[in-house]
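A.B. asks: Here it is: the structure, laid out below.
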Amino acid sequence: MVKKMIQTKKETIHALGIDIGIYTADFENEYISLTDIARFRSSDPRITIHSWLRNRDVVDFLGLWEALHNPDFKRSEFDTFKKDAGSNAFTFSIKKWTDEMGAVGIVSKSGRYGGGIFAHSDIAMEFASWISPEFKLYIVKDYRRLKSGESSRLSLNWNLNREISKLNYRIHTDAIKGKLILPQLTPMQKSFIYADEADLLNVALFGETAKEWRIKNPDKKGNIRDYADIPHLLVLANLESYNAILIKEGMAQSERLVKLRETAENQLETILSLDLQKPILVGNEKN
């Protein structure tokens with residue numbers, strides 16, 4: 001499902017001397033500036049964009065895209081909307097498209113700098129083809145370069161945080177072994193305690209146990225932590241260290257859950273407000 005664009009991150013791609021802005025909220029669904037693309041052919045991008053939107057084939061394409069990606073799209077209203085598409089009297093209103101149809105593929109963003117009309121990358125590439133097939137190829141080339149770089153950074157960050165989490169997992173299990181594992185317990189009972197404490201962290205961070213996750217995801221291999229994103233892996237590493245401290249202090253599990261849940265929420269809120277795509281400079285690296 002694609003949700004309406006929320007500006008959290010901006011990138012720029014370059015094609016034949018034109019800078020084209022991209023906004024994204026989740027690093028998956030990206031919105032590319034149609035206004036910037038239109039500048040390749042026109043000094044008045046808005047008129048060029050609306051000329052494209054008036055075409056019946058374009059309206060049909062937009063409706064199909066919404067039907068495939070947006071469960072809230074109002075198809076009955078769309079059937080009425082498209083009747084006049086392509087006629088001389090037809091005018092495509094982006095406000096009507098988003099407000100009355102519940103569409104999310106095209107949005108209008110205000111602002112002197114960075115404003116304009118944006119569309120999901122699928123739609124933006126169709127517009128670029130209409131502007132110029134050659135220009136589109138240059139856009140695609142630089143867009144792939146951008147995505148390749150992001151993928152490499154995300155992979156490196158994910159693996160690094162996963163390894164940090166594994167190291168803190170040892171700290172966590174050592175605390176359990178020292179304070180919660182009694183000598184008289186059977187191997188099965190000891191295993192249950194370790195699993196129970198691991199699930200304590202799962203509930204605090206993900207809101208569900210490992211078993212609950214497996215029931216919801218029978219086709220996925222591994223466990224809930226293998227599918228965690230970078231922010232959650234980072235918080236998980238912190239929770240393992242924090243829970244180890246609370247265990248050594250003798251705090252009851254029910255009390256620890258409250259503290260761990262509160263810590264997870266606070267840390268996630270902070271981390272998600274940051275731009276994890278940018279490298280962190282250490283020492284004098286910026287010099």
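Chain labels A, B, ... are given in the sequence in which chains occur in the structure tokens; within each chain residues are numbered consecutively from 1, and ligands are likewise numbered from 1 in the order shown.
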Neighbouring residues of Val104 in chain A were defined as those with any atom within 12 Å, considering only C-alpha atoms; residues of the same chain fewer than 4 positions away were excluded. Please report them as a PDB file with all heavy atoms, in the first residue's frame.

C.D. replies:
```
ATOM      1  N   MET A   1       0.832  -1.198   0.000  1.00  0.00           N
ATOM      2  CA  MET A   1       0.000   0.000   0.000  1.00  0.00           C
ATOM      3  C   MET A   1       0.868   1.249   0.000  1.00  0.00           C
ATOM      4  O   MET A   1       1.844   1.337   0.720  1.00  0.00           O
ATOM      5  CB  MET A   1      -0.907   0.001   1.242  1.00  0.00           C
ATOM      6  CG  MET A   1      -1.725   1.283   1.403  1.00  0.00           C
ATOM      7  SD  MET A   1      -2.726   1.254   2.893  1.00  0.00           S
ATOM      8  CE  MET A   1      -3.424   2.899   2.845  1.00  0.00           C
ATOM      9  N   VAL A   2       0.482   2.218  -0.834  1.00  0.00           N
ATOM     10  CA  VAL A   2       1.199   3.487  -0.890  1.00  0.00           C
ATOM     11  C   VAL A   2       0.383   4.544  -0.169  1.00  0.00           C
ATOM     12  O   VAL A   2      -0.807   4.705  -0.426  1.00  0.00           O
ATOM     13  CB  VAL A   2       1.422   3.926  -2.358  1.00  0.00           C
ATOM     14  CG1 VAL A   2       2.116   5.273  -2.393  1.00  0.00           C
ATOM     15  CG2 VAL A   2       2.250   2.884  -3.091  1.00  0.00           C
ATOM     16  N   LYS A   3       1.022   5.243   0.757  1.00  0.00           N
ATOM     17  CA  LYS A   3       0.337   6.306   1.483  1.00  0.00           C
ATOM     18  C   LYS A   3       0.736   7.655   0.918  1.00  0.00           C
ATOM     19  O   LYS A   3       1.692   7.781   0.178  1.00  0.00           O
ATOM     20  CB  LYS A   3       0.680   6.242   2.980  1.00  0.00           C
ATOM     21  CG  LYS A   3       0.209   4.955   3.644  1.00  0.00           C
ATOM     22  CD  LYS A   3       0.527   4.963   5.107  1.00  0.00           C
ATOM     23  CE  LYS A   3       0.031   3.683   5.778  1.00  0.00           C
ATOM     24  NZ  LYS A   3       0.333   3.661   7.223  1.00  0.00           N
ATOM     25  N   LYS A   4      -0.028   8.674   1.286  1.00  0.00           N
ATOM     26  CA  LYS A   4       0.292  10.012   0.813  1.00  0.00           C
ATOM     27  C   LYS A   4       1.681  10.416   1.258  1.00  0.00           C
ATOM     28  O   LYS A   4       2.115  10.103   2.356  1.00  0.00           O
ATOM     29  CB  LYS A   4      -0.744  11.024   1.334  1.00  0.00           C
ATOM     30  CG  LYS A   4      -2.097  10.889   0.640  1.00  0.00           C
ATOM     31  CD  LYS A   4      -3.011  12.017   1.037  1.00  0.00           C
ATOM     32  CE  LYS A   4      -4.343  11.902   0.292  1.00  0.00           C
ATOM     33  NZ  LYS A   4      -5.265  12.999   0.634  1.00  0.00           N
ATOM     34  N   MET A   5       2.348  11.143   0.386  1.00  0.00           N
ATOM     35  CA  MET A   5       3.729  11.539   0.629  1.00  0.00           C
ATOM     36  C   MET A   5       3.829  12.451   1.837  1.00  0.00           C
ATOM     37  O   MET A   5       3.074  13.400   1.987  1.00  0.00           O
ATOM     38  CB  MET A   5       4.295  12.255  -0.590  1.00  0.00           C
ATOM     39  CG  MET A   5       5.722  12.718  -0.411  1.00  0.00           C
ATOM     40  SD  MET A   5       6.291  13.739  -1.779  1.00  0.00           S
ATOM     41  CE  MET A   5       5.282  15.183  -1.584  1.00  0.00           C
ATOM     42  N   ILE A   6       4.762  12.151   2.704  1.00  0.00           N
ATOM     43  CA  ILE A   6       5.093  13.010   3.832  1.00  0.00           C
ATOM     44  C   ILE A   6       6.549  13.394   3.674  1.00  0.00           C
ATOM     45  O   ILE A   6       7.415  12.540   3.578  1.00  0.00           O
ATOM     46  CB  ILE A   6       4.900  12.280   5.181  1.00  0.00           C
ATOM     47  CG1 ILE A   6       3.452  11.793   5.302  1.00  0.00           C
ATOM     48  CG2 ILE A   6       5.253  13.182   6.338  1.00  0.00           C
ATOM     49  CD1 ILE A   6       3.200  10.923   6.504  1.00  0.00           C
ATOM     50  N   ASN A  29       8.605   4.224  -1.323  1.00  0.00           N
ATOM     51  CA  ASN A  29       7.707   4.959  -2.206  1.00  0.00           C
ATOM     52  C   ASN A  29       8.200   6.391  -2.340  1.00  0.00           C
ATOM     53  O   ASN A  29       8.080   7.174  -1.412  1.00  0.00           O
ATOM     54  CB  ASN A  29       6.290   4.916  -1.639  1.00  0.00           C
ATOM     55  CG  ASN A  29       5.766   3.498  -1.560  1.00  0.00           C
ATOM     56  OD1 ASN A  29       5.686   2.805  -2.559  1.00  0.00           O
ATOM     57  ND2 ASN A  29       5.443   3.046  -0.361  1.00  0.00           N
ATOM     58  N   GLU A  30       8.745   6.692  -3.487  1.00  0.00           N
ATOM     59  CA  GLU A  30       9.351   8.001  -3.705  1.00  0.00           C
ATOM     60  C   GLU A  30       8.553   8.818  -4.708  1.00  0.00           C
ATOM     61  O   GLU A  30       8.011   8.286  -5.675  1.00  0.00           O
ATOM     62  CB  GLU A  30      10.795   7.832  -4.172  1.00  0.00           C
ATOM     63  CG  GLU A  30      11.657   7.167  -3.112  1.00  0.00           C
ATOM     64  CD  GLU A  30      13.094   6.970  -3.559  1.00  0.00           C
ATOM     65  OE1 GLU A  30      13.302   6.628  -4.734  1.00  0.00           O
ATOM     66  OE2 GLU A  30      13.987   7.144  -2.724  1.00  0.00           O
ATOM     67  N   TYR A  31       8.498  10.110  -4.443  1.00  0.00           N
ATOM     68  CA  TYR A  31       7.759  11.039  -5.288  1.00  0.00           C
ATOM     69  C   TYR A  31       8.736  11.964  -5.996  1.00  0.00           C
ATOM     70  O   TYR A  31       9.529  12.657  -5.357  1.00  0.00           O
ATOM     71  CB  TYR A  31       6.759  11.827  -4.452  1.00  0.00           C
ATOM     72  CG  TYR A  31       5.546  11.018  -4.048  1.00  0.00           C
ATOM     73  CD1 TYR A  31       5.657   9.971  -3.139  1.00  0.00           C
ATOM     74  CD2 TYR A  31       4.308  11.285  -4.602  1.00  0.00           C
ATOM     75  CE1 TYR A  31       4.551   9.209  -2.783  1.00  0.00           C
ATOM     76  CE2 TYR A  31       3.193  10.541  -4.258  1.00  0.00           C
ATOM     77  CZ  TYR A  31       3.319   9.494  -3.350  1.00  0.00           C
ATOM     78  OH  TYR A  31       2.221   8.738  -3.005  1.00  0.00           O
ATOM     79  N   LEU A  62      -3.628   6.488 -14.602  1.00  0.00           N
ATOM     80  CA  LEU A  62      -3.621   6.928 -13.210  1.00  0.00           C
ATOM     81  C   LEU A  62      -4.657   6.171 -12.389  1.00  0.00           C
ATOM     82  O   LEU A  62      -4.410   5.791 -11.242  1.00  0.00           O
ATOM     83  CB  LEU A  62      -3.889   8.430 -13.121  1.00  0.00           C
ATOM     84  CG  LEU A  62      -2.824   9.356 -13.720  1.00  0.00           C
ATOM     85  CD1 LEU A  62      -3.275  10.810 -13.626  1.00  0.00           C
ATOM     86  CD2 LEU A  62      -1.488   9.168 -13.029  1.00  0.00           C
ATOM     87  N   GLY A  63      -5.830   5.952 -12.990  1.00  0.00           N
ATOM     88  CA  GLY A  63      -6.865   5.206 -12.280  1.00  0.00           C
ATOM     89  C   GLY A  63      -6.451   3.775 -12.009  1.00  0.00           C
ATOM     90  O   GLY A  63      -6.684   3.238 -10.920  1.00  0.00           O
ATOM     91  N   TRP A  65      -3.333   2.678 -11.776  1.00  0.00           N
ATOM     92  CA  TRP A  65      -2.256   2.700 -10.777  1.00  0.00           C
ATOM     93  C   TRP A  65      -2.842   2.808  -9.371  1.00  0.00           C
ATOM     94  O   TRP A  65      -2.416   2.089  -8.458  1.00  0.00           O
ATOM     95  CB  TRP A  65      -1.313   3.873 -11.037  1.00  0.00           C
ATOM     96  CG  TRP A  65      -0.109   3.860 -10.144  1.00  0.00           C
ATOM     97  CD1 TRP A  65       1.108   3.300 -10.392  1.00  0.00           C
ATOM     98  CD2 TRP A  65      -0.018   4.412  -8.817  1.00  0.00           C
ATOM     99  NE1 TRP A  65       1.954   3.460  -9.311  1.00  0.00           N
ATOM    100  CE2 TRP A  65       1.291   4.143  -8.331  1.00  0.00           C
ATOM    101  CE3 TRP A  65      -0.898   5.105  -7.997  1.00  0.00           C
ATOM    102  CZ2 TRP A  65       1.722   4.546  -7.073  1.00  0.00           C
ATOM    103  CZ3 TRP A  65      -0.481   5.498  -6.733  1.00  0.00           C
ATOM    104  CH2 TRP A  65       0.817   5.219  -6.275  1.00  0.00           C
ATOM    105  N   GLU A  66      -3.818   3.695  -9.198  1.00  0.00           N
ATOM    106  CA  GLU A  66      -4.436   3.861  -7.880  1.00  0.00           C
ATOM    107  C   GLU A  66      -5.153   2.584  -7.446  1.00  0.00           C
ATOM    108  O   GLU A  66      -5.070   2.173  -6.282  1.00  0.00           O
ATOM    109  CB  GLU A  66      -5.434   5.027  -7.909  1.00  0.00           C
ATOM    110  CG  GLU A  66      -4.823   6.393  -8.142  1.00  0.00           C
ATOM    111  CD  GLU A  66      -4.053   6.933  -6.943  1.00  0.00           C
ATOM    112  OE1 GLU A  66      -4.207   6.388  -5.835  1.00  0.00           O
ATOM    113  OE2 GLU A  66      -3.287   7.900  -7.121  1.00  0.00           O
ATOM    114  N   ALA A  67      -5.849   1.949  -8.376  1.00  0.00           N
ATOM    115  CA  ALA A  67      -6.574   0.718  -8.050  1.00  0.00           C
ATOM    116  C   ALA A  67      -5.633  -0.385  -7.595  1.00  0.00           C
ATOM    117  O   ALA A  67      -5.973  -1.197  -6.724  1.00  0.00           O
ATOM    118  CB  ALA A  67      -7.381   0.259  -9.265  1.00  0.00           C
ATOM    119  N   LEU A  68      -4.416  -0.411  -8.156  1.00  0.00           N
ATOM    120  CA  LEU A  68      -3.447  -1.447  -7.809  1.00  0.00           C
ATOM    121  C   LEU A  68      -2.719  -1.159  -6.501  1.00  0.00           C
ATOM    122  O   LEU A  68      -2.312  -2.094  -5.794  1.00  0.00           O
ATOM    123  CB  LEU A  68      -2.414  -1.587  -8.937  1.00  0.00           C
ATOM    124  CG  LEU A  68      -2.911  -2.179 -10.254  1.00  0.00           C
ATOM    125  CD1 LEU A  68      -1.817  -2.092 -11.313  1.00  0.00           C
ATOM    126  CD2 LEU A  68      -3.353  -3.624 -10.061  1.00  0.00           C
ATOM    127  N   HIS A  69      -2.534   0.118  -6.164  1.00  0.00           N
ATOM    128  CA  HIS A  69      -1.683   0.470  -5.034  1.00  0.00           C
ATOM    129  C   HIS A  69      -2.400   1.166  -3.870  1.00  0.00           C
ATOM    130  O   HIS A  69      -1.815   1.321  -2.799  1.00  0.00           O
ATOM    131  CB  HIS A  69      -0.552   1.405  -5.503  1.00  0.00           C
ATOM    132  CG  HIS A  69       0.352   0.790  -6.518  1.00  0.00           C
ATOM    133  ND1 HIS A  69       0.128   0.879  -7.876  1.00  0.00           N
ATOM    134  CD2 HIS A  69       1.491   0.052  -6.386  1.00  0.00           C
ATOM    135  CE1 HIS A  69       1.074   0.245  -8.527  1.00  0.00           C
ATOM    136  NE2 HIS A  69       1.912  -0.266  -7.655  1.00  0.00           N
ATOM    137  N   ASN A  70      -3.625   1.574  -4.082  1.00  0.00           N
ATOM    138  CA  ASN A  70      -4.303   2.387  -3.071  1.00  0.00           C
ATOM    139  C   ASN A  70      -5.676   1.810  -2.749  1.00  0.00           C
ATOM    140  O   ASN A  70      -6.643   2.023  -3.495  1.00  0.00           O
ATOM    141  CB  ASN A  70      -4.431   3.825  -3.592  1.00  0.00           C
ATOM    142  CG  ASN A  70      -5.179   4.733  -2.638  1.00  0.00           C
ATOM    143  OD1 ASN A  70      -5.399   4.393  -1.493  1.00  0.00           O
ATOM    144  ND2 ASN A  70      -5.570   5.894  -3.132  1.00  0.00           N
ATOM    145  N   PRO A  71      -5.819   1.072  -1.647  1.00  0.00           N
ATOM    146  CA  PRO A  71      -7.118   0.458  -1.302  1.00  0.00           C
ATOM    147  C   PRO A  71      -8.201   1.480  -0.983  1.00  0.00           C
ATOM    148  O   PRO A  71      -9.384   1.148  -0.986  1.00  0.00           O
ATOM    149  CB  PRO A  71      -6.779  -0.393  -0.069  1.00  0.00           C
ATOM    150  CG  PRO A  71      -5.552   0.222   0.502  1.00  0.00           C
ATOM    151  CD  PRO A  71      -4.777   0.750  -0.665  1.00  0.00           C
ATOM    152  N   ASP A  72      -7.816   2.724  -0.713  1.00  0.00           N
ATOM    153  CA  ASP A  72      -8.799   3.760  -0.388  1.00  0.00           C
ATOM    154  C   ASP A  72      -9.272   4.532  -1.618  1.00  0.00           C
ATOM    155  O   ASP A  72     -10.063   5.473  -1.502  1.00  0.00           O
ATOM    156  CB  ASP A  72      -8.193   4.747   0.630  1.00  0.00           C
ATOM    157  CG  ASP A  72      -7.849   4.077   1.954  1.00  0.00           C
ATOM    158  OD1 ASP A  72      -8.609   3.178   2.363  1.00  0.00           O
ATOM    159  OD2 ASP A  72      -6.825   4.435   2.570  1.00  0.00           O
ATOM    160  N   PHE A  73      -8.786   4.149  -2.784  1.00  0.00           N
ATOM    161  CA  PHE A  73      -9.174   4.851  -4.009  1.00  0.00           C
ATOM    162  C   PHE A  73     -10.658   4.611  -4.299  1.00  0.00           C
ATOM    163  O   PHE A  73     -11.144   3.481  -4.257  1.00  0.00           O
ATOM    164  CB  PHE A  73      -8.328   4.345  -5.178  1.00  0.00           C
ATOM    165  CG  PHE A  73      -8.582   5.047  -6.479  1.00  0.00           C
ATOM    166  CD1 PHE A  73      -8.420   6.420  -6.581  1.00  0.00           C
ATOM    167  CD2 PHE A  73      -8.967   4.331  -7.599  1.00  0.00           C
ATOM    168  CE1 PHE A  73      -8.641   7.073  -7.785  1.00  0.00           C
ATOM    169  CE2 PHE A  73      -9.187   4.975  -8.808  1.00  0.00           C
ATOM    170  CZ  PHE A  73      -9.027   6.346  -8.897  1.00  0.00           C
ATOM    171  N   LYS A  74     -11.375   5.679  -4.603  1.00  0.00           N
ATOM    172  CA  LYS A  74     -12.819   5.608  -4.824  1.00  0.00           C
ATOM    173  C   LYS A  74     -13.097   5.351  -6.307  1.00  0.00           C
ATOM    174  O   LYS A  74     -13.177   6.270  -7.112  1.00  0.00           O
ATOM    175  CB  LYS A  74     -13.474   6.901  -4.351  1.00  0.00           C
ATOM    176  CG  LYS A  74     -13.245   7.169  -2.859  1.00  0.00           C
ATOM    177  CD  LYS A  74     -13.793   8.510  -2.434  1.00  0.00           C
ATOM    178  CE  LYS A  74     -13.496   8.774  -0.962  1.00  0.00           C
ATOM    179  NZ  LYS A  74     -13.967  10.112  -0.527  1.00  0.00           N
ATOM    180  N   ILE A  94      -5.871  18.506  -9.646  1.00  0.00           N
ATOM    181  CA  ILE A  94      -5.150  17.657  -8.697  1.00  0.00           C
ATOM    182  C   ILE A  94      -5.847  17.650  -7.345  1.00  0.00           C
ATOM    183  O   ILE A  94      -5.931  16.623  -6.669  1.00  0.00           O
ATOM    184  CB  ILE A  94      -3.688  18.130  -8.554  1.00  0.00           C
ATOM    185  CG1 ILE A  94      -2.952  17.921  -9.884  1.00  0.00           C
ATOM    186  CG2 ILE A  94      -2.970  17.368  -7.432  1.00  0.00           C
ATOM    187  CD1 ILE A  94      -1.523  18.391  -9.883  1.00  0.00           C
ATOM    188  N   LYS A  95      -6.386  18.800  -6.938  1.00  0.00           N
ATOM    189  CA  LYS A  95      -7.109  18.874  -5.659  1.00  0.00           C
ATOM    190  C   LYS A  95      -8.340  17.973  -5.674  1.00  0.00           C
ATOM    191  O   LYS A  95      -8.600  17.227  -4.719  1.00  0.00           O
ATOM    192  CB  LYS A  95      -7.515  20.314  -5.372  1.00  0.00           C
ATOM    193  CG  LYS A  95      -8.279  20.490  -4.067  1.00  0.00           C
ATOM    194  CD  LYS A  95      -8.549  21.951  -3.760  1.00  0.00           C
ATOM    195  CE  LYS A  95      -9.417  22.127  -2.538  1.00  0.00           C
ATOM    196  NZ  LYS A  95      -8.900  21.436  -1.341  1.00  0.00           N
ATOM    197  N   LYS A  96      -9.091  18.012  -6.764  1.00  0.00           N
ATOM    198  CA  LYS A  96     -10.267  17.150  -6.885  1.00  0.00           C
ATOM    199  C   LYS A  96      -9.842  15.685  -6.936  1.00  0.00           C
ATOM    200  O   LYS A  96     -10.489  14.812  -6.348  1.00  0.00           O
ATOM    201  CB  LYS A  96     -11.050  17.521  -8.140  1.00  0.00           C
ATOM    202  CG  LYS A  96     -12.334  16.723  -8.328  1.00  0.00           C
ATOM    203  CD  LYS A  96     -13.094  17.187  -9.552  1.00  0.00           C
ATOM    204  CE  LYS A  96     -14.394  16.402  -9.722  1.00  0.00           C
ATOM    205  NZ  LYS A  96     -15.157  16.836 -10.922  1.00  0.00           N
ATOM    206  N   TRP A  97      -8.767  15.425  -7.630  1.00  0.00           N
ATOM    207  CA  TRP A  97      -8.246  14.058  -7.760  1.00  0.00           C
ATOM    208  C   TRP A  97      -7.893  13.462  -6.400  1.00  0.00           C
ATOM    209  O   TRP A  97      -8.214  12.312  -6.105  1.00  0.00           O
ATOM    210  CB  TRP A  97      -7.038  14.075  -8.679  1.00  0.00           C
ATOM    211  CG  TRP A  97      -6.378  12.763  -8.957  1.00  0.00           C
ATOM    212  CD1 TRP A  97      -5.122  12.381  -8.597  1.00  0.00           C
ATOM    213  CD2 TRP A  97      -6.930  11.651  -9.676  1.00  0.00           C
ATOM    214  NE1 TRP A  97      -4.848  11.117  -9.041  1.00  0.00           N
ATOM    215  CE2 TRP A  97      -5.940  10.643  -9.711  1.00  0.00           C
ATOM    216  CE3 TRP A  97      -8.157  11.418 -10.290  1.00  0.00           C
ATOM    217  CZ2 TRP A  97      -6.153   9.415 -10.335  1.00  0.00           C
ATOM    218  CZ3 TRP A  97      -8.369  10.189 -10.916  1.00  0.00           C
ATOM    219  CH2 TRP A  97      -7.377   9.219 -10.930  1.00  0.00           C
ATOM    220  N   THR A  98      -7.239  14.247  -5.554  1.00  0.00           N
ATOM    221  CA  THR A  98      -6.829  13.740  -4.238  1.00  0.00           C
ATOM    222  C   THR A  98      -7.969  13.784  -3.219  1.00  0.00           C
ATOM    223  O   THR A  98      -8.151  12.841  -2.456  1.00  0.00           O
ATOM    224  CB  THR A  98      -5.633  14.554  -3.701  1.00  0.00           C
ATOM    225  OG1 THR A  98      -5.980  15.941  -3.670  1.00  0.00           O
ATOM    226  CG2 THR A  98      -4.422  14.366  -4.584  1.00  0.00           C
ATOM    227  N   ASP A  99      -8.757  14.875  -3.226  1.00  0.00           N
ATOM    228  CA  ASP A  99      -9.798  15.035  -2.206  1.00  0.00           C
ATOM    229  C   ASP A  99     -11.022  14.163  -2.470  1.00  0.00           C
ATOM    230  O   ASP A  99     -11.544  13.509  -1.556  1.00  0.00           O
ATOM    231  CB  ASP A  99     -10.240  16.501  -2.124  1.00  0.00           C
ATOM    232  CG  ASP A  99      -9.150  17.402  -1.562  1.00  0.00           C
ATOM    233  OD1 ASP A  99      -8.129  16.864  -1.097  1.00  0.00           O
ATOM    234  OD2 ASP A  99      -9.322  18.638  -1.605  1.00  0.00           O
ATOM    235  N   GLU A 100     -11.500  14.143  -3.705  1.00  0.00           N
ATOM    236  CA  GLU A 100     -12.735  13.422  -4.006  1.00  0.00           C
ATOM    237  C   GLU A 100     -12.511  11.967  -4.387  1.00  0.00           C
ATOM    238  O   GLU A 100     -13.384  11.125  -4.180  1.00  0.00           O
ATOM    239  CB  GLU A 100     -13.484  14.142  -5.131  1.00  0.00           C
ATOM    240  CG  GLU A 100     -13.924  15.559  -4.746  1.00  0.00           C
ATOM    241  CD  GLU A 100     -14.750  16.217  -5.834  1.00  0.00           C
ATOM    242  OE1 GLU A 100     -15.237  15.492  -6.745  1.00  0.00           O
ATOM    243  OE2 GLU A 100     -14.913  17.452  -5.782  1.00  0.00           O
ATOM    244  N   SER A 108       0.344  17.934  -4.888  1.00  0.00           N
ATOM    245  CA  SER A 108       0.847  19.281  -5.116  1.00  0.00           C
ATOM    246  C   SER A 108       1.418  19.796  -3.812  1.00  0.00           C
ATOM    247  O   SER A 108       0.747  19.781  -2.778  1.00  0.00           O
ATOM    248  CB  SER A 108      -0.284  20.192  -5.596  1.00  0.00           C
ATOM    249  OG  SER A 108       0.204  21.494  -5.877  1.00  0.00           O
ATOM    250  N   PHE A 118       4.310  16.732  -7.609  1.00  0.00           N
ATOM    251  CA  PHE A 118       5.112  15.519  -7.467  1.00  0.00           C
ATOM    252  C   PHE A 118       4.252  14.299  -7.770  1.00  0.00           C
ATOM    253  O   PHE A 118       3.044  14.300  -7.542  1.00  0.00           O
ATOM    254  CB  PHE A 118       5.682  15.391  -6.047  1.00  0.00           C
ATOM    255  CG  PHE A 118       6.770  16.373  -5.732  1.00  0.00           C
ATOM    256  CD1 PHE A 118       6.466  17.706  -5.448  1.00  0.00           C
ATOM    257  CD2 PHE A 118       8.097  15.986  -5.727  1.00  0.00           C
ATOM    258  CE1 PHE A 118       7.466  18.616  -5.157  1.00  0.00           C
ATOM    259  CE2 PHE A 118       9.106  16.889  -5.437  1.00  0.00           C
ATOM    260  CZ  PHE A 118       8.789  18.203  -5.160  1.00  0.00           C
ATOM    261  N   ALA A 119       4.884  13.247  -8.260  1.00  0.00           N
ATOM    262  CA  ALA A 119       4.178  11.995  -8.534  1.00  0.00           C
ATOM    263  C   ALA A 119       5.038  10.815  -8.114  1.00  0.00           C
ATOM    264  O   ALA A 119       6.273  10.893  -8.111  1.00  0.00           O
ATOM    265  CB  ALA A 119       3.829  11.895 -10.019  1.00  0.00           C
ATOM    266  N   HIS A 120       4.365   9.737  -7.742  1.00  0.00           N
ATOM    267  CA  HIS A 120       5.084   8.501  -7.430  1.00  0.00           C
ATOM    268  C   HIS A 120       6.000   8.159  -8.605  1.00  0.00           C
ATOM    269  O   HIS A 120       5.683   8.448  -9.761  1.00  0.00           O
ATOM    270  CB  HIS A 120       4.086   7.377  -7.174  1.00  0.00           C
ATOM    271  CG  HIS A 120       4.710   6.123  -6.655  1.00  0.00           C
ATOM    272  ND1 HIS A 120       5.306   5.188  -7.474  1.00  0.00           N
ATOM    273  CD2 HIS A 120       4.861   5.648  -5.388  1.00  0.00           C
ATOM    274  CE1 HIS A 120       5.766   4.192  -6.752  1.00  0.00           C
ATOM    275  NE2 HIS A 120       5.518   4.450  -5.480  1.00  0.00           N
ATOM    276  N   ILE A 123       4.596   6.826 -11.846  1.00  0.00           N
ATOM    277  CA  ILE A 123       3.864   7.799 -12.660  1.00  0.00           C
ATOM    278  C   ILE A 123       4.821   8.812 -13.268  1.00  0.00           C
ATOM    279  O   ILE A 123       4.671   9.209 -14.433  1.00  0.00           O
ATOM    280  CB  ILE A 123       2.802   8.504 -11.798  1.00  0.00           C
ATOM    281  CG1 ILE A 123       1.803   7.479 -11.261  1.00  0.00           C
ATOM    282  CG2 ILE A 123       2.091   9.601 -12.581  1.00  0.00           C
ATOM    283  CD1 ILE A 123       0.846   8.018 -10.211  1.00  0.00           C
TER     284      ILE A 123
END
```

A.B. asks: Got a sec: who's within 9 Å of Leu268 in chain A, counting only C-alpha atoms, leaving out chain neighbours fewer than 2 positions off, as a list of chain:residue names?

C.D. replies: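 Result of the neighbour search: A:Pro231, A:His232, A:Leu234, A:Val235, A:Thr263, A:Ala264, A:Glu265, A:Asn266, A:Thr270, A:Ile271, A:Leu272, A:Ser273.
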
A.B. asks: Could the residues of range 53-109 of chain A that have an atom at most 12 Å from range 130-151 of chain A be listed as JSON lines, each with its closest atom pair and the distance in Å to one decimal, counting only C-alpha atoms and ordered by chain and ascending residue number?

C.D. replies:
```
{"residue": "A:Leu53", "atom": "CA", "partner": "A:Trp130", "partner_atom": "CA", "distance": 10.9}
{"residue": "A:Asn55", "atom": "CA", "partner": "A:Trp130", "partner_atom": "CA", "distance": 11.1}
{"residue": "A:Asp57", "atom": "CA", "partner": "A:Trp130", "partner_atom": "CA", "distance": 11.7}
{"residue": "A:Val58", "atom": "CA", "partner": "A:Trp130", "partner_atom": "CA", "distance": 10.1}
```

A.B. asks: Can you tell me, as an MDAnalysis selection string, what residues are no more than 10 Å from Arg39 in chain A when counting only C-alpha atoms, ignoring any on the same chain fewer than 4 positions away?

C.D. replies: chainID A and resid 18:20 34:35 43:46 48 131

A.B. asks: Looking only at the backbone, which of the residues in range 30-191 of chain A does DSSP tag as alpha helix (DSSP H), as a ChimeraX atom specification?

C.D. replies: /A:34-38,45-53,56-69,75-81,94-99,121-131,133-179,187-191

A.B. asks: What does the distance between CA of Ala103 in chain A and CA of Val59 in chain A come to in Å, to one decimal place?

C.D. replies: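 Calculated distance between CA of Ala103 in chain A and CA of Val59 in chain A is 12.0 Å.
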
A.B. asks: From the list A:Ala204, A:Ile32, A:Ile215, A:Ala228, which residue is nearest Glu262 in chain A when using only C-alpha atoms?

C.D. replies: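 Closest residue, counting only C-alpha atoms: A:Ala204.
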